[in-house]
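A short worksheet on the structure shown next.
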Amino acid sequence: MKACFMGLGYIGLPTAIIAAKHGVDVVGVDINAKVVEKTNQGILHIIEPGMEEMLQEVIALGKFKAYTSPQESDAYFMVVPTPFKGDHEPDVSYVEAATRAVLPLLKEGDLYVIESTSPVGTTELMANIIFTERPELKDKIYIAYCPERVLPGNVIYELVHNDRVIGGLNPESTEKAIEFYSQFVQGQLHKTNSRTAEMCKLTENSSRDVQIAFANELSLICDKAGINVWELINLANKHPRVNILQPGCGVGGHCIAVDPYFITADYPAESRIIAMARDINNYKSFWCAEKVKSTMLEFEMKNHRKPVVAMMGLAFKPNIDDLRESPSKSIVGRVMMMCNNSDILIVEPNVTEHKQFKLTEYNDAYNQADIVVMLTAHDQFKTLPYDESKVILDFCGIYKK
Ligand code: SAJ
C-alpha cells in the first residue's frame with residue numbers, strides 16, 4: 001500500500017515516518033522545498049526525540065521519500081495547519097488546498113483522510129469539493145476524519161499506543177480507515193461518524209481549557225482573599241471526586257488555546273462556558289503582566305530606586321524549548337513595553353539565544369533580581385532557594401511544596 005501525507009509538520013512527519021516504519025510505502029509532501037530537501041537528507045526539521053534516527057532508517061529502507069507535490073497513492077492524509085483568521089474564525093484553506101492538490105490523483109477504491117483539527121462539517125465540505133470536481137468517484141472512494149492526540153515530546157510512543165477516534169462519511173469509509181491505522185496503532189480504534197470525530201477533537205482540548213480556566217479563576221480569587229491557591233487546590237483534590245488542574249500564567253501552544261474557537265465560532269449562542277474559559281485564560285496573562293507592573297511600582301516607592309526584575313521562562317509549558325504562542329513570552333513583551341527603562345533580565349534555560357530578547361543565565365538572573373517572576377515551571381527553577389529578601393511572584397507554582 002502506498003500512502004501520501006500532505007503536510008510534514010509536527011504531526012504529519014512523525015505519522016508518515018511511523019507508517020513507513022510499519023511497512024507502508026510513504027510519500028511525504030510539503031509545500032516548503034527546504035523542508036522536503038532536509039527531510040530527504042535524513043534531517044528532522046522539527047524537535048521530537050528519537051524521530052530523526054527513525055527517519056534515516058525508513059529512507060535507507062526505501063520506504064519514505066519527500067516531495068513538494070503529491071504522488072499517486074492508495075491513501076491520502078491531510079495533515080496541514082488549521083489556524084484561525086480575523087475574529088477567531090477557523091481557516092480551512094490549507095485543508096482545501098491540500099485536498100485540491102490530491103484531487104486529480106484520486107481513483108476508485110482510494111482512501112482520503114483528514115487529520116488536521118477542523119471545525120465540525122469540514123470532512124463533508126471537502127467531500128463535496130471532491131465529488132463536484134470528480135463526480136465519477138461518488139460512492140467509489142472512502143472518506144474519513146481521524147484526529148491525532150499526541151503530546152509533543154512523546155510522539156513515538158503515543159502515535160502507536162493512544163486510542164484513536166475514526167469517523168467515516170459512511171461505515172465503509174470508517175472500516176477502510178481502521179484497516180489503514182491498524183497497521184501501526186496498537187491503541188483501540190473507536191468507530192464513529194465524521195462530525196462526531198471532528199467534534200471529539202475539539203471537545204478534548206476545550207475540556208482541558210475549561211478546567212485550566214477554573215484553576216486560573218481560583219488563583220485570582222485566592223490572590224484577593226490572601227489564600228495560597230496551590231495549597232487550596234491540593235487540599236480540594238483530596239476529595240475523592242475532585243481533580244482540579246493547576247493555574248499558570250495563561251494557556252499557550254497550538255491546540256488548547258486555539259481549538260475551542262472552532263466551536264465558539266460556529267455555535268456562539270450555545271458555547272458560553274467554552275468562550276468564557278478562553279477569555280479567563282487570556283485575561284490571566286494580562287493580569288500577570290499588570291501584577292508585575294504594580295509590584296515594580298511598589299518596590300520603587302519603597303526603595304527609591306527601580307528594581308532589577310528576573311522574568312523566569314519563555315516557553316509555553318515546562319521543560320520544553322517551544323516559545324510559540326507562549327503566554328510567558330507575551331507577558332515578558334508586555335512588561336518590557338510598559339516599563340521600558342527598567343532593568344529586566346530574561347531567562348529561558350532551554351534556549352541558547354533569542355532574536356528579540358537578550359537572555360541571562362537563570363542563577364545569575366535570580367541572584368541579581370529584586371523581583372523574581374516565575375512564569376514557566378521549568379525543573380531548573382525548582383532548584384532555586386526561596387530567598388525571602390526578594391519579592392517573588394510565583395505564577396506557576398515553583399514553590400508550591
Ligand atoms: N496548563 C496549565 N495548567 C495545567 C495544564 C496545562 O496552565 O494544569 C497550560 C500549559 O502551561 C500550556 C497549556 O496549558 O500553556 C497547554 O498545555 P498542555 O500540556 O495541556 O497541552 P499541549 O498543547 O502541549 O498538548 C495538547 C494535549 N491535549 C490534552 O492534553 C487534552 C495533546 O494530547 C494534544 O494532542 C495536543 O494538545 C493537540 O495537538 O491537540
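For the C-alpha cells, the naming scheme is as follows: chains receive sequential letters (A, B, ...) according to their order of presentation, residues are indexed from 1 within each chain, and ligands are indexed from 1 in presentation order.
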
Determine, using only C-alpha atoms and all ligand atoms, which residues of chain A have any atom at most 7 Å from an atom of ligand 1, and tabulate each with its shortest atom pair and distance in Å to one decimal place, rows ordered by chain and then rising number, as a tab-separated table.
residue	atom	partner	partner_atom_place_in_ligand_line	distance
A:Glu148	CA	ligand 1	35 (O)	6.0
A:Arg149	CA	ligand 1	35 (O)	3.3
A:Val150	CA	ligand 1	35 (O)	3.9
A:Leu151	CA	ligand 1	32 (C)	4.5
A:Pro152	CA	ligand 1	24 (O)	6.3
A:Glu204	CA	ligand 1	31 (C)	5.2
A:Asn205	CA	ligand 1	31 (C)	4.6
A:Arg208	CA	ligand 1	31 (C)	5.4
A:Ile212	CA	ligand 1	3 (N)	5.2
A:Leu245	CA	ligand 1	8 (O)	4.1
A:Gln246	CA	ligand 1	8 (O)	3.7
A:Pro247	CA	ligand 1	7 (O)	5.0
A:Gly248	CA	ligand 1	7 (O)	4.3
A:Cys249	CA	ligand 1	7 (O)	6.6
A:Gly250	CA	ligand 1	7 (O)	5.8
A:Val251	CA	ligand 1	15 (O)	3.9
A:Gly252	CA	ligand 1	15 (O)	3.7
A:Gly253	CA	ligand 1	23 (O)	4.6
A:His254	CA	ligand 1	23 (O)	5.9
A:Cys255	CA	ligand 1	40 (O)	4.4
A:Ile256	CA	ligand 1	23 (O)	5.4
A:Phe316	CA	ligand 1	15 (O)	4.6
A:Lys317	CA	ligand 1	11 (O)	4.0
A:Pro318	CA	ligand 1	11 (O)	6.7
A:Ser326	CA	ligand 1	15 (O)	6.6
A:Pro327	CA	ligand 1	15 (O)	6.8

Apply DSSP to the backbone of this structure and, from range 141-319 of chain A, keep only the residues in alpha helix (DSSP H); write these as JSON, numbers by chain.
{"A": [155, 156, 157, 158, 159, 160, 161, 171, 172, 173, 174, 175, 176, 177, 178, 179, 180, 181, 194, 195, 196, 197, 198, 199, 200, 201, 202, 203, 204, 205, 206, 207, 208, 209, 210, 211, 212, 213, 214, 215, 216, 217, 218, 219, 220, 221, 222, 223, 224, 225, 229, 230, 231, 232, 233, 234, 235, 236, 260, 261, 262, 263, 264, 272, 273, 274, 275, 276, 277, 278, 279, 280, 281, 282, 283, 284, 285, 286, 287, 288, 289, 290, 291, 292, 293, 294, 295, 296, 297, 298, 299, 300, 301, 302, 303]}

Take the selection from the previous step and output its residues with C-alpha atoms, as a compact mmCIF listing (two decimals), in the first residue's frame.
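As a result, part-v8.txt now contains:
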# COMPACT_ATOMS: atom_id res chain seq x y z
CA VAL A 155 5.10 11.19 19.85
CA ILE A 156 6.79 7.86 19.02
CA TYR A 157 5.07 6.18 21.95
CA GLU A 158 1.72 7.97 21.76
CA LEU A 159 1.18 7.63 18.00
CA VAL A 160 1.32 3.89 18.44
CA HIS A 161 -0.30 3.41 21.87
CA PRO A 171 -19.49 2.86 7.75
CA GLU A 172 -17.47 1.51 4.77
CA SER A 173 -15.16 4.53 4.97
CA THR A 174 -14.70 4.07 8.73
CA GLU A 175 -13.73 0.42 8.15
CA LYS A 176 -11.28 1.32 5.38
CA ALA A 177 -9.58 3.94 7.59
CA ILE A 178 -9.43 1.47 10.50
CA GLU A 179 -7.74 -1.02 8.19
CA PHE A 180 -5.04 1.59 7.44
CA TYR A 181 -4.42 2.76 11.01
CA SER A 194 -17.06 12.24 10.72
CA ARG A 195 -18.97 15.02 12.53
CA THR A 196 -18.62 13.30 15.91
CA ALA A 197 -14.92 12.65 15.31
CA GLU A 198 -14.36 16.32 14.40
CA MET A 199 -16.23 17.47 17.50
CA CYS A 200 -14.40 14.92 19.66
CA LYS A 201 -11.01 16.50 18.96
CA LEU A 202 -12.38 19.99 19.70
CA THR A 203 -14.07 18.68 22.87
CA GLU A 204 -10.88 17.13 24.27
CA ASN A 205 -8.93 20.36 24.03
CA SER A 206 -11.85 22.57 25.11
CA SER A 207 -12.35 20.39 28.15
CA ARG A 208 -8.75 20.97 29.17
CA ASP A 209 -9.06 24.71 28.51
CA VAL A 210 -12.20 24.94 30.68
CA GLN A 211 -10.52 23.04 33.51
CA ILE A 212 -7.42 25.25 33.38
CA ALA A 213 -9.70 28.33 33.36
CA PHE A 214 -11.30 27.09 36.57
CA ALA A 215 -7.86 26.83 38.19
CA ASN A 216 -6.89 30.26 36.87
CA GLU A 217 -10.10 31.79 38.19
CA LEU A 218 -9.38 30.29 41.62
CA SER A 219 -5.90 31.85 41.51
CA LEU A 220 -7.42 35.32 41.01
CA ILE A 221 -9.91 34.81 43.85
CA CYS A 222 -7.19 33.48 46.15
CA ASP A 223 -4.87 36.39 45.37
CA LYS A 224 -7.56 38.79 46.58
CA ALA A 225 -8.55 36.62 49.53
CA VAL A 229 -4.02 28.73 45.70
CA TRP A 230 -1.60 25.79 45.44
CA GLU A 231 -2.36 24.68 48.98
CA LEU A 232 -6.08 25.19 48.35
CA ILE A 233 -6.11 23.04 45.18
CA ASN A 234 -4.02 20.37 46.83
CA LEU A 235 -6.50 20.18 49.71
CA ALA A 236 -9.59 20.28 47.47
CA PRO A 260 -12.09 25.96 21.42
CA TYR A 261 -12.55 28.86 18.97
CA PHE A 262 -13.56 26.29 16.33
CA ILE A 263 -16.60 25.59 18.49
CA THR A 264 -17.36 29.17 19.59
CA ARG A 272 -20.88 30.00 26.71
CA ILE A 273 -18.58 28.16 29.14
CA ILE A 274 -16.12 27.37 26.35
CA ALA A 275 -15.98 31.04 25.28
CA MET A 276 -15.70 32.24 28.88
CA ALA A 277 -12.83 29.82 29.56
CA ARG A 278 -10.93 31.29 26.60
CA ASP A 279 -11.48 34.79 27.98
CA ILE A 280 -10.40 33.82 31.51
CA ASN A 281 -7.22 32.11 30.30
CA ASN A 282 -6.35 35.09 28.07
CA TYR A 283 -7.13 37.50 30.90
CA LYS A 284 -4.80 35.61 33.24
CA SER A 285 -1.76 36.60 31.09
CA PHE A 286 -2.87 40.24 31.10
CA TRP A 287 -3.40 40.08 34.88
CA CYS A 288 0.10 38.63 35.42
CA ALA A 289 1.71 41.46 33.42
CA GLU A 290 -0.28 44.06 35.40
CA LYS A 291 0.77 42.39 38.65
CA VAL A 292 4.44 42.62 37.67
CA LYS A 293 3.99 46.30 36.82
CA SER A 294 2.28 47.17 40.12
CA THR A 295 4.89 45.19 42.11
CA MET A 296 7.65 47.14 40.37
CA LEU A 297 5.98 50.45 41.24
CA GLU A 298 5.54 49.43 44.88
CA PHE A 299 9.22 48.48 45.05
CA GLU A 300 10.28 51.79 43.56
CA MET A 301 8.13 53.80 46.01
CA LYS A 302 9.52 51.88 48.96
CA ASN A 303 13.18 51.75 47.94

Could you name the residues that touch Ile31 in chain A at 12 Å or less, counting only C-alpha atoms, but leaving out those on the same chain fewer than 3 positions away, as a PyMOL selection string?
chain A and resi 5-9+28+34-37+66-70+80+94+97-98+101

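Going from CA of Glu353 in chain A over to CA of Met338 in chain A, you cover 23.3 Å.
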
Which polymer residues have any atom within 12 Å of an atom of Ser93 in chain A, counting only C-alpha atoms, with same-chain residues fewer than 6 positions away left out, as a list in words?
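Counting only the stated atoms, we get Met78, Val80, Pro81, Thr82, Pro83, Phe84, Lys85, Thr99, Arg100, Ser116, Ser118, Thr122, Leu125 and Met126 of chain A.
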
Residues from last step as file, C-alpha atoms, as a PDB file, in the first residue's frame:
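Output file again.pdb is given in full below:
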ATOM      1  CA  MET A  78      -4.420  15.854   5.065  1.00  0.00           C
ATOM      2  CA  VAL A  80      -1.866  20.611   7.385  1.00  0.00           C
ATOM      3  CA  PRO A  81      -2.458  23.518   9.800  1.00  0.00           C
ATOM      4  CA  THR A  82      -5.911  24.933  10.505  1.00  0.00           C
ATOM      5  CA  PRO A  83      -5.177  28.334  12.028  1.00  0.00           C
ATOM      6  CA  PHE A  84      -7.791  30.980  12.684  1.00  0.00           C
ATOM      7  CA  LYS A  85      -8.310  34.223  10.836  1.00  0.00           C
ATOM      8  CA  THR A  99      -7.466  18.411  -0.998  1.00  0.00           C
ATOM      9  CA  ARG A 100      -7.453  20.202  -4.364  1.00  0.00           C
ATOM     10  CA  SER A 116      -5.998  18.314  10.796  1.00  0.00           C
ATOM     11  CA  SER A 118     -11.104  21.012  11.881  1.00  0.00           C
ATOM     12  CA  THR A 122     -15.149  20.015   7.291  1.00  0.00           C
ATOM     13  CA  LEU A 125     -17.315  20.077   2.927  1.00  0.00           C
ATOM     14  CA  MET A 126     -14.182  18.512   1.429  1.00  0.00           C
TER      15      MET A 126
END

Can you pull out the residues contacting Glu361 in chain A? Cut-off 10 Å, using only C-alpha atoms, and skip same-chain residues under 3 positions away; I want them as a PyMOL selection string.
chain A and resi 312+345-349+352+364-366

Those same residues - N, CA, C and O atoms - I'd like them written as a PDB file, in the first residue's frame.
ATOM      1  N   MET A 312      11.338  34.684  34.615  1.00  0.00           N
ATOM      2  CA  MET A 312      11.842  33.313  34.543  1.00  0.00           C
ATOM      3  C   MET A 312      10.982  32.422  33.638  1.00  0.00           C
ATOM      4  O   MET A 312       9.922  31.946  34.052  1.00  0.00           O
ATOM      5  N   LEU A 345      15.721  41.233  33.393  1.00  0.00           N
ATOM      6  CA  LEU A 345      16.558  40.110  32.941  1.00  0.00           C
ATOM      7  C   LEU A 345      15.624  38.996  32.483  1.00  0.00           C
ATOM      8  O   LEU A 345      14.679  38.642  33.190  1.00  0.00           O
ATOM      9  N   ILE A 346      15.907  38.462  31.303  1.00  0.00           N
ATOM     10  CA  ILE A 346      15.016  37.439  30.754  1.00  0.00           C
ATOM     11  C   ILE A 346      15.727  36.091  30.725  1.00  0.00           C
ATOM     12  O   ILE A 346      16.874  35.996  30.280  1.00  0.00           O
ATOM     13  N   VAL A 347      15.008  35.088  31.174  1.00  0.00           N
ATOM     14  CA  VAL A 347      15.617  33.762  31.344  1.00  0.00           C
ATOM     15  C   VAL A 347      14.830  32.713  30.564  1.00  0.00           C
ATOM     16  O   VAL A 347      13.594  32.690  30.626  1.00  0.00           O
ATOM     17  N   GLU A 348      15.521  31.883  29.809  1.00  0.00           N
ATOM     18  CA  GLU A 348      14.891  30.675  29.238  1.00  0.00           C
ATOM     19  C   GLU A 348      15.981  29.613  29.114  1.00  0.00           C
ATOM     20  O   GLU A 348      16.713  29.588  28.123  1.00  0.00           O
ATOM     21  N   PRO A 349      16.127  28.747  30.129  1.00  0.00           N
ATOM     22  CA  PRO A 349      17.248  27.804  30.147  1.00  0.00           C
ATOM     23  C   PRO A 349      17.263  26.806  28.990  1.00  0.00           C
ATOM     24  O   PRO A 349      18.305  26.209  28.713  1.00  0.00           O
ATOM     25  N   THR A 352      19.299  28.773  23.701  1.00  0.00           N
ATOM     26  CA  THR A 352      20.603  29.415  23.860  1.00  0.00           C
ATOM     27  C   THR A 352      20.574  30.901  23.494  1.00  0.00           C
ATOM     28  O   THR A 352      21.221  31.712  24.132  1.00  0.00           O
ATOM     29  N   ASP A 364      22.217  33.495  37.593  1.00  0.00           N
ATOM     30  CA  ASP A 364      22.659  34.903  37.612  1.00  0.00           C
ATOM     31  C   ASP A 364      21.466  35.837  37.751  1.00  0.00           C
ATOM     32  O   ASP A 364      21.482  36.767  38.551  1.00  0.00           O
ATOM     33  N   ALA A 365      20.441  35.581  36.938  1.00  0.00           N
ATOM     34  CA  ALA A 365      19.262  36.454  36.962  1.00  0.00           C
ATOM     35  C   ALA A 365      18.616  36.412  38.339  1.00  0.00           C
ATOM     36  O   ALA A 365      18.274  37.452  38.910  1.00  0.00           O
ATOM     37  N   TYR A 366      18.485  35.218  38.888  1.00  0.00           N
ATOM     38  CA  TYR A 366      17.838  35.069  40.197  1.00  0.00           C
ATOM     39  C   TYR A 366      18.633  35.837  41.260  1.00  0.00           C
ATOM     40  O   TYR A 366      18.071  36.577  42.071  1.00  0.00           O
TER      41      TYR A 366
END

Which of range 60-119 of chain A counts as strand (DSSP E) under DSSP, as a PyMOL selection string please?
chain A and resi 64-67+75-78+84-85+89-90+111-114

Restricting the output to N, CA and C atoms, write the selected residues as a compact mmCIF listing (two decimals), in the first residue's frame.
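What ended up in out.txt:
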# COMPACT_ATOMS: atom_id res chain seq x y z
N PHE A 64 10.37 5.67 2.42
CA PHE A 64 9.91 7.05 2.59
C PHE A 64 10.65 7.99 1.65
N LYS A 65 9.88 8.86 0.97
CA LYS A 65 10.52 9.90 0.18
C LYS A 65 9.63 11.14 0.22
N ALA A 66 10.28 12.31 0.35
CA ALA A 66 9.51 13.56 0.41
C ALA A 66 9.52 14.27 -0.94
N TYR A 67 8.42 14.96 -1.23
CA TYR A 67 8.24 15.70 -2.49
C TYR A 67 7.56 17.04 -2.19
N ALA A 75 -3.78 5.93 -0.56
CA ALA A 75 -4.42 6.65 0.55
C ALA A 75 -3.78 8.01 0.69
N TYR A 76 -4.61 9.02 1.02
CA TYR A 76 -4.13 10.41 1.12
C TYR A 76 -4.53 10.96 2.48
N PHE A 77 -3.59 11.61 3.16
CA PHE A 77 -3.83 12.12 4.52
C PHE A 77 -3.57 13.62 4.55
N MET A 78 -4.57 14.40 4.98
CA MET A 78 -4.42 15.85 5.07
C MET A 78 -3.96 16.17 6.49
N PHE A 84 -6.57 30.19 12.81
CA PHE A 84 -7.79 30.98 12.68
C PHE A 84 -7.46 32.32 12.07
N LYS A 85 -8.48 32.93 11.50
CA LYS A 85 -8.31 34.22 10.84
C LYS A 85 -9.29 35.22 11.45
N GLU A 89 -12.07 33.07 13.55
CA GLU A 89 -12.80 32.21 12.62
C GLU A 89 -11.84 31.14 12.10
N PRO A 90 -12.22 29.85 12.16
CA PRO A 90 -11.30 28.82 11.65
C PRO A 90 -11.01 28.99 10.16
N LEU A 111 -8.44 5.85 -0.33
CA LEU A 111 -8.85 6.37 0.98
C LEU A 111 -8.37 7.81 1.10
N TYR A 112 -9.26 8.70 1.56
CA TYR A 112 -8.92 10.12 1.79
C TYR A 112 -9.26 10.41 3.25
N VAL A 113 -8.24 10.88 4.02
CA VAL A 113 -8.46 11.11 5.46
C VAL A 113 -8.01 12.52 5.82
N ILE A 114 -8.81 13.20 6.66
CA ILE A 114 -8.36 14.47 7.24
C ILE A 114 -7.93 14.18 8.68

By how many Å are CA of Ile331 in chain A and CA of Asp259 in chain A apart?
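These two atoms are separated by 21.9 Å.
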
Quick one: residues within 8 Å of Arg164 in chain A, only C-alpha atoms, excluding same-chain residues fewer than 4 positions away - as an MDAnalysis selection string?
chainID A and resid 146:149 187:190

Can you spit out the residues from that selection as a CSV table (one decimal), in the first residue's frame, using N, CA, C and O atoms?
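Resulting contents of result.csv:
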chain,number,residue,atom,x,y,z
A,146,CYS,N,-9.9,11.5,11.1
A,146,CYS,CA,-9.2,10.8,12.1
A,146,CYS,C,-8.2,11.7,12.9
A,146,CYS,O,-7.1,11.9,12.4
A,147,PRO,N,-8.6,12.4,14.0
A,147,PRO,CA,-7.7,13.3,14.6
A,147,PRO,C,-6.6,12.6,15.4
A,147,PRO,O,-6.8,11.4,15.8
A,148,GLU,N,-5.5,13.4,15.6
A,148,GLU,CA,-4.5,12.8,16.5
A,148,GLU,C,-4.6,13.4,17.9
A,148,GLU,O,-5.3,14.4,18.1
A,149,ARG,N,-3.9,12.7,18.8
A,149,ARG,CA,-4.0,13.2,20.2
A,149,ARG,C,-2.6,13.2,20.9
A,149,ARG,O,-2.5,13.0,22.1
A,187,GLY,N,-3.2,1.1,20.1
A,187,GLY,CA,-4.4,1.5,20.9
A,187,GLY,C,-5.7,1.2,20.2
A,187,GLY,O,-5.6,0.7,19.0
A,188,GLN,N,-6.8,1.3,20.9
A,188,GLN,CA,-8.1,0.9,20.3
A,188,GLN,C,-8.5,2.0,19.3
A,188,GLN,O,-8.3,3.2,19.5
A,189,LEU,N,-9.1,1.5,18.2
A,189,LEU,CA,-9.6,2.4,17.2
A,189,LEU,C,-11.1,2.5,17.3
A,189,LEU,O,-11.8,1.5,17.1
A,190,HIS,N,-11.7,3.6,17.7
A,190,HIS,CA,-13.1,3.7,18.0
A,190,HIS,C,-13.9,4.3,16.8
A,190,HIS,O,-13.5,5.3,16.3

Please report the interatomic distance between CA of Leu61 in chain A and CA of Gly109 in chain A in Å with one decimal.
27.0 Å

Spatial neighbours of Glu124 in chain A, 10 Å, only C-alpha atoms, chain gap at least 5 places, as a list in words:
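Non-adjacent residues within range: Ile129, Ile130, Ile143, Ala144, Tyr145, Gly168, Leu169, Ser194 and Arg195 of chain A.
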